[in-house]
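Undergrad: Below you'll find final-v1.txt; it's compact mmCIF, C-alpha atoms.
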# COMPACT_ATOMS: atom_id res chain seq x y z
CA MET V 1 -202.90 -217.63 -1.26
CA LYS V 2 -206.55 -218.36 -0.55
CA THR V 3 -207.35 -221.64 1.15
CA ASP V 4 -210.65 -223.52 1.04
CA LEU V 5 -211.48 -222.06 4.44
CA ASP V 6 -210.85 -218.52 3.13
CA ARG V 7 -213.16 -219.11 0.18
CA LEU V 8 -215.83 -220.57 2.46
CA LEU V 9 -215.65 -217.56 4.77
CA VAL V 10 -215.68 -215.00 1.96
CA ASP V 11 -218.87 -216.66 0.71
CA TYR V 12 -220.34 -216.80 4.22
CA PHE V 13 -219.67 -213.13 4.88
CA GLN V 14 -221.16 -211.85 1.61
CA PRO V 15 -222.52 -208.30 1.99
CA GLU V 16 -226.31 -208.19 2.01
CA PRO V 17 -228.57 -205.28 1.12
CA PRO V 18 -230.28 -203.56 4.04
CA ALA V 19 -234.01 -202.85 3.94
CA ALA V 20 -234.87 -199.93 1.67
CA GLY V 21 -234.88 -196.44 3.15
CA LEU V 22 -232.17 -197.05 5.79
CA ALA V 23 -230.59 -193.60 5.43
CA ARG V 24 -234.00 -191.93 5.58
CA ARG V 25 -234.90 -193.79 8.79
CA VAL V 26 -231.63 -192.80 10.43
CA LEU V 27 -232.04 -189.15 9.45
CA ARG V 28 -235.58 -189.12 10.84
CA GLU V 29 -234.34 -190.59 14.13
CA ALA V 30 -231.52 -188.03 14.25
CA THR V 31 -234.02 -185.20 14.39
CA VAL V 32 -235.57 -186.48 17.63
CA ALA V 33 -232.44 -187.92 19.29
CA GLY V 34 -231.01 -185.98 22.18
CA ARG V 35 -234.22 -184.27 23.17
CA GLU V 36 -235.17 -187.02 25.61
CA ALA V 37 -234.52 -187.60 29.27
CA GLU V 38 -231.73 -185.09 29.94
CA ASP V 39 -234.17 -182.45 31.20
CA LEU V 40 -235.40 -184.75 33.98
CA VAL V 41 -232.24 -184.37 36.08
CA ASP V 42 -232.70 -180.63 36.39
CA ARG V 43 -236.23 -181.17 37.65
CA LEU V 44 -235.27 -183.43 40.56
CA THR V 45 -235.08 -182.76 44.26
CA ILE V 46 -232.04 -184.58 45.65
CA ALA V 47 -231.35 -184.66 49.38
CA ALA V 48 -228.40 -186.06 51.30
CA THR V 49 -227.17 -186.61 54.83
CA PRO V 50 -223.42 -186.45 55.43
CA GLN V 51 -223.44 -190.25 54.91
CA GLY V 52 -225.09 -190.37 51.51
CA ILE V 53 -227.98 -189.58 49.20
CA SER V 54 -231.22 -190.13 51.10
CA LEU V 55 -233.96 -188.89 48.78
CA ILE V 56 -234.67 -188.32 45.10
CA ARG V 57 -238.08 -186.99 44.11
CA PRO V 58 -239.67 -185.28 41.12
CA GLY V 59 -239.98 -181.49 41.26
CA ARG V 60 -237.05 -179.27 42.06
CA GLN V 61 -237.02 -177.83 45.57
CA GLU V 62 -234.12 -176.14 47.30
CA ARG V 63 -233.24 -177.89 50.54
CA VAL V 64 -230.87 -176.87 53.29
CA GLU V 65 -227.93 -179.28 53.32
CA THR V 66 -224.72 -179.58 55.28
CA ALA V 67 -221.57 -178.88 53.27
CA ALA V 68 -220.92 -182.63 53.03
CA GLY V 69 -224.51 -183.23 51.93
CA ARG V 70 -224.25 -180.46 49.32
CA ARG V 71 -221.15 -182.11 47.82
CA LEU V 72 -222.94 -185.45 47.62
CA VAL V 73 -225.98 -183.87 45.97
CA ASP V 74 -223.75 -182.19 43.35
CA ARG V 75 -221.99 -185.48 42.73
CA ALA V 76 -225.29 -187.36 42.38
CA ARG V 77 -226.58 -184.76 39.93
CA GLU V 78 -223.40 -185.02 37.85
CA GLU V 79 -223.56 -188.83 37.80
CA LEU V 80 -227.22 -188.68 36.78
CA HIS V 81 -226.40 -186.26 33.95
CA GLN V 82 -223.74 -188.69 32.70
CA TYR V 83 -226.18 -191.59 33.02
CA PHE V 84 -228.77 -189.79 30.91
CA GLN V 85 -226.14 -189.00 28.28
CA GLY V 86 -225.30 -192.71 27.98
CA GLN V 87 -221.90 -192.15 29.60
CA ARG V 88 -222.44 -193.96 32.87
CA ALA V 89 -223.45 -197.55 33.57
CA PHE V 90 -223.13 -197.48 37.38
CA PHE V 91 -223.40 -195.04 40.29
CA SER V 92 -220.67 -194.57 42.86
CA VAL V 93 -222.21 -191.82 45.02
CA PRO V 94 -222.93 -193.28 48.50
CA LEU V 95 -226.50 -193.78 49.70
CA ASP V 96 -227.94 -193.34 53.17
CA LEU V 97 -230.82 -195.80 53.57
CA SER V 98 -230.57 -195.96 57.39
CA SER V 99 -234.17 -194.84 57.87
CA VAL V 100 -235.58 -197.46 55.47
CA PRO V 101 -237.37 -200.46 57.13
CA ASP V 102 -235.71 -203.90 56.90
CA PHE V 103 -238.11 -205.46 54.39
CA GLN V 104 -237.82 -202.50 52.03
CA THR V 105 -234.03 -202.50 52.36
CA LYS V 106 -233.96 -206.13 51.20
CA VAL V 107 -236.23 -205.29 48.27
CA LEU V 108 -234.02 -202.35 47.26
CA GLN V 109 -230.88 -204.49 47.54
CA ALA V 110 -232.46 -207.11 45.27
CA ALA V 111 -233.42 -204.43 42.72
CA GLY V 112 -229.85 -203.12 42.92
CA ALA V 113 -228.58 -206.58 41.95
CA ILE V 114 -230.34 -206.48 38.56
CA PRO V 115 -227.62 -205.86 35.99
CA PHE V 116 -227.55 -202.60 34.06
CA GLY V 117 -229.67 -202.88 30.92
CA GLN V 118 -231.65 -205.88 32.22
CA ALA V 119 -235.10 -206.24 33.76
CA ARG V 120 -236.74 -208.72 36.14
CA PRO V 121 -240.33 -209.34 37.25
CA TYR V 122 -241.62 -208.34 40.70
CA ALA V 123 -241.91 -212.09 41.44
CA TRP V 124 -238.15 -212.48 40.88
CA VAL V 125 -237.45 -209.86 43.54
CA ALA V 126 -239.92 -211.52 45.94
CA LYS V 127 -238.23 -214.89 45.45
CA ARG V 128 -234.76 -213.43 45.82
CA ILE V 129 -235.51 -211.91 49.23
CA GLY V 130 -237.01 -215.19 50.44
CA HIS V 131 -240.68 -214.09 50.35
CA PRO V 132 -241.95 -215.58 47.08
CA ARG V 133 -245.60 -214.85 47.90
CA ALA V 134 -245.01 -211.21 48.82
CA VAL V 135 -245.16 -209.91 45.24
CA ARG V 136 -247.61 -207.13 46.08
CA ALA V 137 -245.55 -206.01 49.09
CA VAL V 138 -242.50 -205.91 46.84
CA GLY V 139 -244.37 -203.64 44.45
CA THR V 140 -245.32 -201.33 47.33
CA ALA V 141 -241.74 -201.25 48.66
CA LEU V 142 -240.38 -200.39 45.21
CA GLY V 143 -243.06 -197.74 44.78
CA LYS V 144 -241.69 -196.04 47.90
CA ASN V 145 -238.06 -196.32 46.79
CA PRO V 146 -236.48 -193.20 48.34
CA VAL V 147 -233.68 -193.08 45.76
CA PRO V 148 -235.10 -194.07 42.36
CA LEU V 149 -232.73 -194.03 39.34
CA ILE V 150 -229.74 -194.82 41.60
CA VAL V 151 -231.47 -197.87 43.09
CA PRO V 152 -232.87 -199.16 39.81
CA CYS V 153 -236.48 -199.99 40.63
CA HIS V 154 -237.20 -199.14 36.96
CA ARG V 155 -235.63 -202.51 36.07
CA VAL V 156 -238.50 -204.36 37.78
CA LEU V 157 -241.47 -205.15 35.52
CA LYS V 158 -244.76 -207.01 35.77
CA SER V 159 -244.64 -210.76 35.16
CA ASP V 160 -246.86 -210.45 32.08
CA GLY V 161 -244.28 -208.15 30.48
CA GLY V 162 -246.19 -204.96 31.39
CA VAL V 163 -244.05 -202.03 32.48
CA GLY V 164 -245.67 -201.53 35.91
CA GLY V 165 -245.79 -198.31 37.84
CA TYR V 166 -243.02 -195.78 38.37
CA ILE V 167 -242.63 -192.66 40.43
CA PHE V 168 -241.74 -190.58 37.36
CA GLY V 169 -244.43 -192.22 35.19
CA THR V 170 -244.35 -195.24 32.91
CA SER V 171 -243.07 -193.31 29.88
CA VAL V 172 -239.93 -192.34 31.82
CA LYS V 173 -239.55 -195.96 32.95
CA GLN V 174 -239.66 -197.09 29.32
CA ARG V 175 -237.17 -194.37 28.35
CA LEU V 176 -234.75 -195.53 31.05
CA LEU V 177 -234.97 -199.14 29.92
CA ARG V 178 -234.33 -198.03 26.34
CA LEU V 179 -231.43 -195.81 27.40
CA GLU V 180 -229.79 -198.67 29.30
CA ARG V 181 -230.21 -200.94 26.29
CA VAL V 182 -228.01 -198.68 24.19
CA THR V 183 -225.45 -197.69 26.84
CA PRO V 184 -222.38 -199.95 26.90
CA VAL V 185 -221.12 -201.27 30.24
CA LEU V 186 -217.44 -202.04 29.60
CA GLU V 187 -215.07 -199.87 27.60
CA GLY V 188 -211.34 -200.02 27.10
CA CYS V 189 -209.00 -197.13 26.39
CA THR V 190 -206.91 -197.91 23.31
CA SER V 191 -203.91 -195.89 24.51
CA THR V 192 -203.67 -197.26 28.08
CA HIS V 193 -205.13 -200.73 27.35
CA ILE V 194 -207.15 -200.52 30.56
CA VAL V 195 -210.77 -201.72 30.59
CA CYS V 196 -213.26 -199.86 32.82
CA ARG V 197 -216.93 -199.70 33.67
CA VAL V 198 -218.52 -196.90 31.67
CA GLY V 199 -218.56 -193.86 33.95
CA CYS V 200 -215.20 -194.59 35.63
CA PRO V 201 -213.14 -191.38 36.10
CA GLN V 202 -210.14 -193.14 34.55
CA LEU V 203 -212.09 -193.74 31.34
CA ARG V 204 -213.59 -190.26 31.24
CA ARG V 205 -210.12 -188.91 30.48
CA ALA V 206 -210.01 -190.96 27.24
CA LYS V 207 -211.27 -189.32 24.04
CA PRO V 208 -214.36 -191.02 22.53
CA ALA V 209 -212.25 -192.01 19.50
CA ASN V 210 -209.94 -193.96 21.83
CA ARG V 211 -212.60 -196.20 23.33
CA VAL V 212 -213.59 -199.74 22.40
CA VAL V 213 -216.42 -201.75 23.91
CA PHE V 214 -215.88 -205.22 25.34
CA ALA V 215 -218.42 -207.91 26.17
CA SER V 216 -216.52 -209.14 29.23
CA VAL V 217 -213.35 -208.53 31.20
CA GLU V 218 -212.12 -211.91 29.99
CA ASP V 219 -212.56 -210.85 26.36
CA ALA V 220 -210.61 -207.67 27.08
CA ARG V 221 -207.81 -209.64 28.76
CA SER V 222 -207.64 -211.99 25.77
CA VAL V 223 -206.55 -209.08 23.55
CA GLY V 224 -204.11 -207.48 25.98
CA TYR V 225 -206.24 -205.17 28.19
CA ARG V 226 -206.13 -205.17 31.99
CA PRO V 227 -209.03 -204.33 34.33
CA CYS V 228 -209.07 -200.89 35.98
CA ARG V 229 -208.06 -200.85 39.64
CA ILE V 230 -210.38 -197.93 40.41
CA CYS V 231 -213.76 -199.17 39.13
CA ARG V 232 -212.97 -202.92 39.24
CA PRO V 233 -214.97 -204.02 36.21
CA SER V 234 -214.68 -207.72 37.07
CA GLN V 235 -217.27 -207.15 39.77
CA ALA V 236 -219.71 -205.66 37.30
CA ALA V 237 -219.67 -207.87 34.24
CA MET T 1 -214.63 -189.20 -7.53
CA GLU T 2 -214.97 -187.52 -4.16
CA SER T 3 -212.82 -189.02 -1.42
CA GLU T 4 -214.51 -190.66 1.54
CA ARG T 5 -212.95 -188.09 3.85
CA GLY T 6 -214.53 -185.34 1.76
CA LEU T 7 -217.84 -187.15 2.01
CA MET T 8 -217.47 -187.23 5.80
CA ARG T 9 -216.78 -183.49 5.89
CA ARG T 10 -220.10 -182.97 4.11
CA VAL T 11 -221.88 -185.34 6.51
CA ALA T 12 -220.42 -183.33 9.42
CA ARG T 13 -222.03 -180.21 7.93
CA GLY T 14 -225.39 -182.01 7.99
CA ASP T 15 -225.48 -182.79 4.25
CA GLU T 16 -228.17 -185.47 4.02
CA ALA T 17 -227.32 -186.42 0.42
CA ALA T 18 -223.72 -187.15 1.47
CA PHE T 19 -225.00 -189.27 4.34
CA THR T 20 -227.28 -191.22 2.00
CA GLU T 21 -224.29 -191.86 -0.29
CA LEU T 22 -222.27 -193.11 2.68
CA VAL T 23 -225.09 -195.44 3.75
CA GLU T 24 -225.48 -196.81 0.22
CA GLY T 25 -221.75 -197.55 0.08
CA TYR T 26 -221.35 -199.11 3.50
CA GLY T 27 -224.85 -200.37 4.42
CA PRO T 28 -224.52 -203.88 2.92
CA LYS T 29 -221.08 -204.50 4.46
CA LEU T 30 -222.11 -203.18 7.86
CA LEU T 31 -225.20 -205.37 7.76
CA ALA T 32 -223.17 -208.45 6.82
CA VAL T 33 -220.82 -207.94 9.79
CA ALA T 34 -223.70 -207.32 12.21
CA ARG T 35 -225.75 -210.22 10.84
CA ARG T 36 -222.94 -212.73 11.20
CA LEU T 37 -222.08 -211.51 14.70
CA LEU T 38 -225.62 -211.24 16.05
CA GLY T 39 -227.38 -214.01 14.13
CA SER T 40 -230.77 -212.43 13.64
CA ARG T 41 -231.54 -210.08 10.77
CA ALA T 42 -233.74 -207.86 12.98
CA ASP T 43 -231.00 -207.37 15.60
CA ALA T 44 -228.45 -206.71 12.86
CA GLU T 45 -230.66 -204.07 11.21
CA ASP T 46 -231.15 -202.43 14.60
CA ALA T 47 -227.38 -202.41 15.29
CA VAL T 48 -226.58 -200.94 11.87
CA GLN T 49 -229.22 -198.26 12.28
CA ARG T 50 -227.81 -197.30 15.69
CA ALA T 51 -224.29 -197.25 14.31
CA LEU T 52 -225.29 -195.00 11.43
CA LEU T 53 -227.15 -192.70 13.80
CA GLN T 54 -224.01 -192.39 15.96
CA CYS T 55 -222.00 -191.78 12.80
CA TYR T 56 -224.34 -188.99 11.67
CA LEU T 57 -224.63 -187.31 15.08
CA GLY T 58 -220.91 -187.68 15.81
CA ALA T 59 -219.58 -186.86 12.34
CA ALA T 60 -218.00 -183.64 13.63
CA GLY T 61 -215.80 -185.79 15.90
CA TYR T 62 -214.49 -187.88 12.99
CA GLU T 63 -210.70 -187.62 12.77
CA PRO T 64 -209.45 -187.58 9.16
CA ARG T 65 -206.28 -189.48 10.17
CA TRP T 66 -208.61 -192.50 10.28
CA ALA T 67 -210.07 -194.18 7.21
CA VAL T 68 -213.85 -193.74 7.17
CA SER T 69 -214.21 -197.53 7.18
CA THR T 70 -212.11 -197.79 10.38
CA TRP T 71 -214.34 -195.26 12.12
CA LEU T 72 -217.59 -196.86 10.94
CA TYR T 73 -216.53 -200.40 11.81
CA ARG T 74 -215.33 -199.24 15.25
CA ILE T 75 -218.78 -197.80 15.97
CA LEU T 76 -220.58 -200.88 14.63
CA THR T 77 -218.44 -203.46 16.42
CA ASN T 78 -218.78 -201.52 19.69
CA ILE T 79 -222.57 -201.82 19.37
CA CYS T 80 -222.51 -205.49 18.34
CA VAL T 81 -220.08 -206.48 21.10
CA ASP T 82 -222.25 -204.79 23.72
CA GLU T 83 -225.31 -206.59 22.37
CA LEU T 84 -223.41 -209.89 22.71
CA ARG T 85 -222.58 -209.00 26.34
CA ARG T 86 -226.23 -208.29 27.06
CA ARG T 87 -227.22 -211.66 25.60
CA THR T 88 -224.74 -213.47 27.82
CA VAL T 89 -226.28 -211.89 30.92
CA ARG T 90 -229.82 -212.44 29.66
CA HIS T 91 -229.21 -216.11 28.85
CA ALA T 92 -227.63 -216.72 32.24
CA TYR T 93 -230.89 -215.47 33.81
CA ALA T 94 -233.53 -216.78 31.42
CA ALA T 95 -231.80 -219.74 29.72
CA ALA T 96 -233.12 -218.39 26.43
CA PRO T 97 -232.19 -220.18 23.22
CA PRO T 98 -229.12 -218.97 21.33
CA ALA T 99 -229.45 -216.59 18.38
CA GLU T 100 -231.18 -218.01 15.36
CA PRO T 101 -228.93 -219.72 12.79
CA PRO T 102 -228.96 -218.30 9.28
CA SER T 103 -232.09 -219.32 7.44
CA PRO T 104 -231.44 -221.70 4.53
CA PHE T 105 -234.05 -219.71 2.61
CA ASP T 106 -232.53 -216.28 2.87
CA ALA T 107 -229.17 -216.77 1.24
CA PRO T 108 -227.96 -218.12 -2.06
CA GLY T 109 -225.47 -220.95 -2.34
CA ASP T 110 -225.00 -223.97 -0.19
CA ALA T 111 -227.40 -223.34 2.68
CA GLY T 112 -226.33 -226.44 4.62
CA ARG T 113 -222.71 -225.43 4.45
CA ARG T 114 -223.56 -221.94 5.67
CA ILE T 115 -225.29 -223.39 8.71
CA ASP T 116 -222.18 -225.50 9.37
CA VAL T 117 -220.05 -222.36 9.23
CA ALA T 118 -222.45 -220.53 11.57
CA ARG T 119 -222.22 -223.37 14.10
CA ALA T 120 -218.45 -223.56 13.79
CA LEU T 121 -218.14 -219.78 14.21
CA ALA T 122 -220.16 -219.97 17.42
CA ARG T 123 -217.24 -221.90 18.94
CA VAL T 124 -214.75 -219.17 18.11
CA PRO T 125 -214.08 -216.73 21.00
CA ARG T 126 -215.93 -213.42 20.58
CA GLU T 127 -212.94 -211.17 19.90
CA ALA T 128 -211.60 -213.50 17.21
CA ARG T 129 -215.09 -213.79 15.69
CA VAL T 130 -215.33 -210.01 15.38
CA LEU T 131 -211.95 -209.89 13.61
CA LEU T 132 -212.88 -212.74 11.26
CA ALA T 133 -216.14 -211.00 10.30
CA LEU T 134 -214.38 -207.70 9.57
CA HIS T 135 -211.62 -209.43 7.65
CA TYR T 136 -213.85 -211.51 5.42
CA VAL T 137 -216.63 -209.01 4.77
CA ASN T 138 -214.40 -206.23 3.63
CA GLY T 139 -210.97 -207.80 3.22
CA LEU T 140 -209.60 -205.48 5.91
CA GLY T 141 -205.90 -205.90 6.63
CA ASN T 142 -204.29 -206.54 10.00
CA ALA T 143 -203.32 -202.89 10.59
CA GLU T 144 -206.86 -201.64 10.09
CA LEU T 145 -208.31 -204.47 12.19
CA ALA T 146 -205.88 -203.47 14.95
CA ARG T 147 -207.05 -199.85 14.80
CA ILE T 148 -210.73 -200.83 14.80
CA ARG T 149 -210.46 -202.96 17.93
CA GLY T 150 -207.69 -200.94 19.60
CA ILE T 151 -205.26 -203.85 19.81
CA SER T 152 -201.78 -204.61 18.50
CA ILE T 153 -201.16 -206.08 15.05
CA ASN T 154 -199.55 -209.13 16.65
CA THR T 155 -202.69 -209.69 18.70
CA VAL T 156 -204.78 -209.45 15.51
CA LYS T 157 -202.58 -212.08 13.86
CA SER T 158 -202.73 -214.46 16.80
CA GLN T 159 -206.50 -214.02 17.24
CA LEU T 160 -207.16 -214.66 13.53
CA ALA T 161 -204.90 -217.70 13.50
CA ARG T 162 -206.56 -219.09 16.61
CA GLY T 163 -210.04 -218.39 15.25
CA LYS T 164 -209.29 -220.11 11.96
CA SER T 165 -207.76 -223.09 13.68
CA ILE T 166 -210.90 -223.54 15.84
CA LEU T 167 -213.06 -223.14 12.72
CA ARG T 168 -211.08 -225.71 10.78
CA ALA T 169 -211.36 -228.23 13.61
CA ALA T 170 -215.09 -227.59 14.09
CA LEU T 171 -215.81 -227.92 10.35
CA ALA T 172 -213.73 -231.10 10.10
CA GLU T 173 -215.76 -232.59 12.97
CA GLY T 174 -218.93 -231.95 10.98
CA ASP T 175 -217.58 -233.50 7.77
CA PRO T 176 -218.55 -237.19 7.39
CA ALA T 177 -215.49 -237.81 5.21
Since I need it in another form, could you write the structure as structure tokens?

TA:
Amino acid sequence: MKTDLDRLLVDYFQPEPPAAGLARRVLREATVAGREAEDLVDRLTIAATPQGISLIRPGRQERVETAAGRRLVDRAREELHQYFQGQRAFFSVPLDLSSVPDFQTKVLQAAGAIPFGQARPYAWVAKRIGHPRAVRAVGTALGKNPVPLIVPCHRVLKSDGGVGGYIFGTSVKQRLLRLERVTPVLEGCTSTHIVCRVGCPQLRRAKPANRVVFASVEDARSVGYRPCRICRPSQAA
Amino acid sequence: MESERGLMRRVARGDEAAFTELVEGYGPKLLAVARRLLGSRADAEDAVQRALLQCYLGAAGYEPRWAVSTWLYRILTNICVDELRRRTVRHAYAAAPPAEPPSPFDAPGDAGRRIDVARALARVPREARVLLALHYVNGLGNAELARIRGISINTVKSQLARGKSILRAALAEGDPA
């Protein structure tokens, strides 16, 4: 039997007509979707020491690597492919930033703290590293980021909302920001009831039809999911 | 009349007329769910458009053991829930104002009451809010709600009961009588 609350909610949730031409807009978008971004990964030079990825630059060049370095480069390339397909919201390949000066290391760490899908101004980074007046130096340090994409300097924008510079060009920077806006961060597997960060190997075994997105680990817990012990999503969201 | 599963088979073959038919059938309900979850009409339109794009591009992966509505609402709620997550992070950083309440000018009926409901719903935990929206927009039953969110039927029941209880209390607080 319907209560007053039921009637109120049925009225509140009345269907409403979308703007005209919705199907046409979606079909038009479908013709261009999928052509973007993916090709970039195959045009990158990626270098690694045995400790981690040390360089990512535009233009593909073959480099001599140790066996350990080769494995890390392959892993980085695979993670980047997944990232560009909207199937990865974090990177787990290790980095080797041992040759990076102290100031730049702090700047890169601050950029790395910007959550996936978010952006911050250069001034935010300067303040975070304790040098609020060093905005220009922050810009220079980010411009020399040895491992762009993995250390997300593309999430740092100008204070006036402008995109700012980027090693791969501003159009790629905008594409990355757009990509991250539509890539979920936390997904649960409906058969195991485990919630993971998107890109976790545990989750990659789950079929797309068996995945649900959550807004937080707490939300997932509230409906009977537990956090993954491999990717530890509590640390991410 | 052609079954919805048949319609989906045509969409999977790239039949644009079938897709348009699907959008005409589901568009208003999808928009209502997204609008009530996200608050703003623009964000809701964007979420619905993204959901329909995923539906069109991923139609070949549709499994006929699922109702079309289950599949569509799964895609839409995944997008809306992620948008809500992003807002939480963004607000923590920028202290931006919460999503706009429904405009009293854009809906028929008792506009004041609708704003009360919007405020009361904001107090309901996210997962329960998603279930309430799906239940009241389309009259979906507990089993389908469970499949959409990948949870047990008992969890659906307890979340709905909890959500309604919070709503009732919040609405009673707002009532002068």

Undergrad: At a cut-off of 6 Å, which residues of chain T touch chain V? Count all atoms listed in the file and give the answer as a ChimeraX atom specification.

TA: /T:20,28-29,32,53,78,81-82,85,136-137,150

Undergrad: Can you tell me how far atom CA of Cys80 of chain T sits from atom CA of Glu4 of chain T, in Å to one decimal?

TA: 23.8 Å

Undergrad: Find the spatial neighbours of Arg128 of chain V, counting all atoms listed in the file, within a cut-off of 12 Å - ignore same-chain residues fewer than 6 positions away - and output them as an NGL selection string.

TA: :V and (106-114 or 120-122 or 134-135 or 138)

Undergrad: So how many Å separate atom CA of Ser171 of chain V and atom CA of Thr140 of chain V, to one decimal?

TA: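 Computed distance, atom CA of Ser171 of chain V to atom CA of Thr140 of chain V, equals 19.3 Å.
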
Undergrad: So what do you get for atom CA of Gly59 of chain V versus atom CA of Lys158 of chain V, distance-wise?

TA: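 Atom CA of Lys158 of chain V lies at a distance of 26.5 Å from atom CA of Gly59 of chain V.
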
Undergrad: Please identify all polymer residues within 10 Å of Arg229 of chain V, counting only C-alpha atoms, omitting same-chain residues fewer than 3 positions from it, and present them as a CSV table (one decimal) with C-alpha atoms, in the frame of the given file.

TA:
chain,number,residue,atom,x,y,z
V,194,ILE,CA,-207.2,-200.5,30.6
V,195,VAL,CA,-210.8,-201.7,30.6
V,196,CYS,CA,-213.3,-199.9,32.8
V,202,GLN,CA,-210.1,-193.1,34.6
V,226,ARG,CA,-206.1,-205.2,32.0
V,232,ARG,CA,-213.0,-202.9,39.2
V,233,PRO,CA,-215.0,-204.0,36.2
V,234,SER,CA,-214.7,-207.7,37.1

Undergrad: Can you list, as a JSON list (two decimals) with C-alpha atoms, in the coordinates of the input, every protein, DNA or RNA residue that comes within 10 Å of Leu97 of chain V when you count only C-alpha atoms, leaving out same-chain residues fewer than 5 positions away?

TA:
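After the write, selection-v7.json holds the following:
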[["chain", "number", "residue", "atom", "x", "y", "z"],
["V", 49, "THR", "CA", -227.17, -186.61, 54.83],
["V", 51, "GLN", "CA", -223.44, -190.25, 54.91],
["V", 52, "GLY", "CA", -225.09, -190.37, 51.51],
["V", 53, "ILE", "CA", -227.98, -189.58, 49.20],
["V", 54, "SER", "CA", -231.22, -190.13, 51.10],
["V", 55, "LEU", "CA", -233.96, -188.89, 48.78],
["V", 104, "GLN", "CA", -237.82, -202.50, 52.03],
["V", 105, "THR", "CA", -234.03, -202.50, 52.36],
["V", 108, "LEU", "CA", -234.02, -202.35, 47.26],
["V", 145, "ASN", "CA", -238.06, -196.32, 46.79],
["V", 146, "PRO", "CA", -236.48, -193.20, 48.34],
["V", 147, "VAL", "CA", -233.68, -193.08, 45.76]]

Undergrad: Missing atoms in segment 5-18 of chain T: fill them in up to N, CA and C atoms and send the result as a short mmCIF file (atom, residue, chain, number, x, y, z; two decimals), in the coordinates of the input.

TA:
data_model
loop_
_atom_site.label_atom_id
_atom_site.label_comp_id
_atom_site.auth_asym_id
_atom_site.auth_seq_id
_atom_site.Cartn_x
_atom_site.Cartn_y
_atom_site.Cartn_z
N ARG T 5 -213.15 -189.11 2.81
CA ARG T 5 -212.95 -188.09 3.85
C ARG T 5 -213.73 -186.83 3.51
N GLY T 6 -213.74 -186.49 2.21
CA GLY T 6 -214.53 -185.34 1.76
C GLY T 6 -216.01 -185.56 2.01
N LEU T 7 -216.43 -186.80 1.77
CA LEU T 7 -217.84 -187.15 2.01
C LEU T 7 -218.17 -186.95 3.50
N MET T 8 -217.24 -187.38 4.36
CA MET T 8 -217.47 -187.23 5.80
C MET T 8 -217.54 -185.77 6.22
N ARG T 9 -216.73 -184.92 5.57
CA ARG T 9 -216.78 -183.49 5.89
C ARG T 9 -218.18 -182.94 5.59
N ARG T 10 -218.75 -183.42 4.46
CA ARG T 10 -220.10 -182.97 4.11
C ARG T 10 -221.13 -183.51 5.10
N VAL T 11 -220.95 -184.77 5.52
CA VAL T 11 -221.88 -185.34 6.51
C VAL T 11 -221.81 -184.52 7.80
N ALA T 12 -220.60 -184.11 8.19
CA ALA T 12 -220.42 -183.33 9.42
C ALA T 12 -221.15 -181.98 9.32
N ARG T 13 -221.31 -181.48 8.10
CA ARG T 13 -222.03 -180.21 7.93
C ARG T 13 -223.55 -180.44 7.84
N GLY T 14 -223.96 -181.71 8.00
CA GLY T 14 -225.39 -182.01 7.99
C GLY T 14 -225.95 -182.25 6.60
N ASP T 15 -225.05 -182.57 5.64
CA ASP T 15 -225.48 -182.79 4.25
C ASP T 15 -226.14 -184.18 4.15
N GLU T 16 -227.44 -184.20 3.99
CA GLU T 16 -228.17 -185.47 4.02
C GLU T 16 -227.89 -186.31 2.77
N ALA T 17 -227.63 -185.66 1.64
CA ALA T 17 -227.32 -186.42 0.42
C ALA T 17 -225.99 -187.16 0.59
N ALA T 18 -225.03 -186.50 1.23
CA ALA T 18 -223.72 -187.15 1.47
C ALA T 18 -223.91 -188.34 2.40
#
